[in-house]
Amino acid sequence: MNKSKNAFTMIELVFVIVVLGILSAVAIPRFAATRTDAQITKARADIASIRAGIINERQSRLFRGQSNFIATLDSNDNNLFSSVMTYPITPGSTNGHWSQTGAKTYTFKVKNVNNTFQYCDTNTTAASCNGLNPGVFICTTVGASCGLLTD
C-alpha cells in the first residue's frame, strides 16, 4: 500500500513562519515612512492650493477695483480656508490635519510637531508678519518641519 503524505511537517511550518516574520519586519517600517510621506505631500498640496486661492481672490478684487488682499481665509462655517478654496479643509488635531489657532494663524501637524502658518493680509503690519509683504501664507515655526512642507 502506497500512502501519500497529506500534511505539513513541523519544520516546514516553522520555516514558513520565519519567512513571514522576516517579510513583515522589513515591510512595517516602510509603511510607517510612507504614511508620513503622504501627510507631507498632502500638506504641500494644501499649501499650494491655499496660496493659489489667495492670488485668485486678489486678482478678482483687482478686477473690481479693490487693491487689498482678502482679510480672512475662513468664512463663518466650521471648515478652514473656505474663503479661498473651492473645497475647504475640515480641521483636526491628529497628524496630517490642519487646525486654526488664531484669527490668521493655522497649524499643520506632522510627525507629532505643530507647524504654524500665518496669513498676512493688507491690514497686517509688517512687524507682526516678520517683515513680509501682504498676501503671503508662510510657515513661521522655527526648527519645525517647515522646510519639508514649503520647499
# chains A, B, ... in the order shown; residues from 1 in each chain; ligands from 1
$ residues_around --residues "A:Arg35" --least-positions-apart "6" --cutoff "12 Å" --atoms "only C-alpha atoms" --output "PyMOL selection string"
chain A and resi 28-29+41-42+95-96+110-111
$ write_last_selection --atoms "N, CA and C atoms" --output "short mmCIF file (atom, residue, chain, number, x, y, z; two decimals), in the first residue's frame"
data_model
loop_
_atom_site.label_atom_id
_atom_site.label_comp_id
_atom_site.auth_asym_id
_atom_site.auth_seq_id
_atom_site.Cartn_x
_atom_site.Cartn_y
_atom_site.Cartn_z
N ILE A 28 6.81 46.61 7.60
CA ILE A 28 6.12 47.50 8.54
C ILE A 28 6.81 48.86 8.66
N PRO A 29 8.12 48.95 8.83
CA PRO A 29 8.73 50.29 8.88
C PRO A 29 8.57 51.07 7.57
N THR A 41 3.11 65.27 1.68
CA THR A 41 2.65 65.57 0.33
C THR A 41 1.29 66.24 0.36
N LYS A 42 0.40 65.77 1.23
CA LYS A 42 -0.92 66.39 1.38
C LYS A 42 -0.78 67.83 1.82
N ASN A 95 -2.05 63.92 13.47
CA ASN A 95 -1.07 64.05 12.39
C ASN A 95 -1.77 64.10 11.04
N GLY A 96 -1.31 64.99 10.18
CA GLY A 96 -1.87 65.09 8.84
C GLY A 96 -3.09 65.98 8.75
N VAL A 110 2.49 67.28 11.71
CA VAL A 110 3.15 66.17 11.03
C VAL A 110 4.29 65.71 11.93
N LYS A 111 4.48 64.42 12.05
CA LYS A 111 5.48 63.81 12.92
C LYS A 111 5.31 64.29 14.37
#
$ select_by_dssp --residues "stretch 33-82 of chain A" --states "helix (DSSP H, G or I)" --output "number ranges by chain"
A: 33-63
$ write_last_selection --atoms "C-alpha atoms" --output "mmCIF file, in the first residue's frame"
data_model
loop_
_atom_site.group_PDB
_atom_site.id
_atom_site.type_symbol
_atom_site.label_atom_id
_atom_site.label_comp_id
_atom_site.auth_asym_id
_atom_site.auth_seq_id
_atom_site.Cartn_x
_atom_site.Cartn_y
_atom_site.Cartn_z
ATOM 1 C CA ALA A 33 7.505 56.057 6.439
ATOM 2 C CA THR A 34 5.048 56.011 3.546
ATOM 3 C CA ARG A 35 2.293 57.372 5.792
ATOM 4 C CA THR A 36 4.445 60.319 6.906
ATOM 5 C CA ASP A 37 5.466 60.996 3.299
ATOM 6 C CA ALA A 38 1.779 61.037 2.319
ATOM 7 C CA GLN A 39 0.966 63.541 5.090
ATOM 8 C CA ILE A 40 3.798 65.821 3.947
ATOM 9 C CA THR A 41 2.652 65.574 0.329
ATOM 10 C CA LYS A 42 -0.918 66.385 1.383
ATOM 11 C CA ALA A 43 0.269 69.456 3.284
ATOM 12 C CA ARG A 44 2.337 70.650 0.336
ATOM 13 C CA ALA A 45 -0.680 70.315 -1.964
ATOM 14 C CA ASP A 46 -2.902 72.124 0.564
ATOM 15 C CA ILE A 47 -0.402 74.977 0.928
ATOM 16 C CA ALA A 48 -0.123 75.343 -2.851
ATOM 17 C CA SER A 49 -3.938 75.428 -3.137
ATOM 18 C CA ILE A 50 -4.257 77.999 -0.351
ATOM 19 C CA ARG A 51 -1.609 80.246 -1.890
ATOM 20 C CA ALA A 52 -3.215 79.916 -5.335
ATOM 21 C CA GLY A 53 -6.607 80.753 -3.803
ATOM 22 C CA ILE A 54 -5.178 83.886 -2.173
ATOM 23 C CA ILE A 55 -3.761 85.034 -5.516
ATOM 24 C CA ASN A 56 -7.004 84.171 -7.331
ATOM 25 C CA GLU A 57 -9.037 86.167 -4.829
ATOM 26 C CA ARG A 58 -6.584 89.073 -5.151
ATOM 27 C CA GLN A 59 -6.962 89.086 -8.934
ATOM 28 C CA SER A 60 -10.753 89.033 -8.612
ATOM 29 C CA ARG A 61 -10.550 92.032 -6.282
ATOM 30 C CA LEU A 62 -8.273 93.901 -8.679
ATOM 31 C CA PHE A 63 -10.843 93.443 -11.467
#
$ closest_residue --among "A:Asn79, A:Thr9, A:Ser24, A:Thr72" --to "A:Cys120" --atoms "only C-alpha atoms"
A:Thr72
$ atom_distance --atom1 "atom CA of A:Asn115" --atom2 "atom CA of A:Val136"
15.9 Å
$ atom_distance --atom1 "atom CA of A:Phe69" --atom2 "atom CA of A:Ser93"
28.5 Å
$ closest_residue --among "A:Thr86, A:Thr140, A:Gln118, A:Gln66" --to "A:Thr101" --atoms "only C-alpha atoms"
A:Gln118
$ closest_residue --among "A:Val18, A:Asn133, A:Ala103, A:Thr94" --to "A:Ser75" --atoms "only C-alpha atoms"
A:Ala103
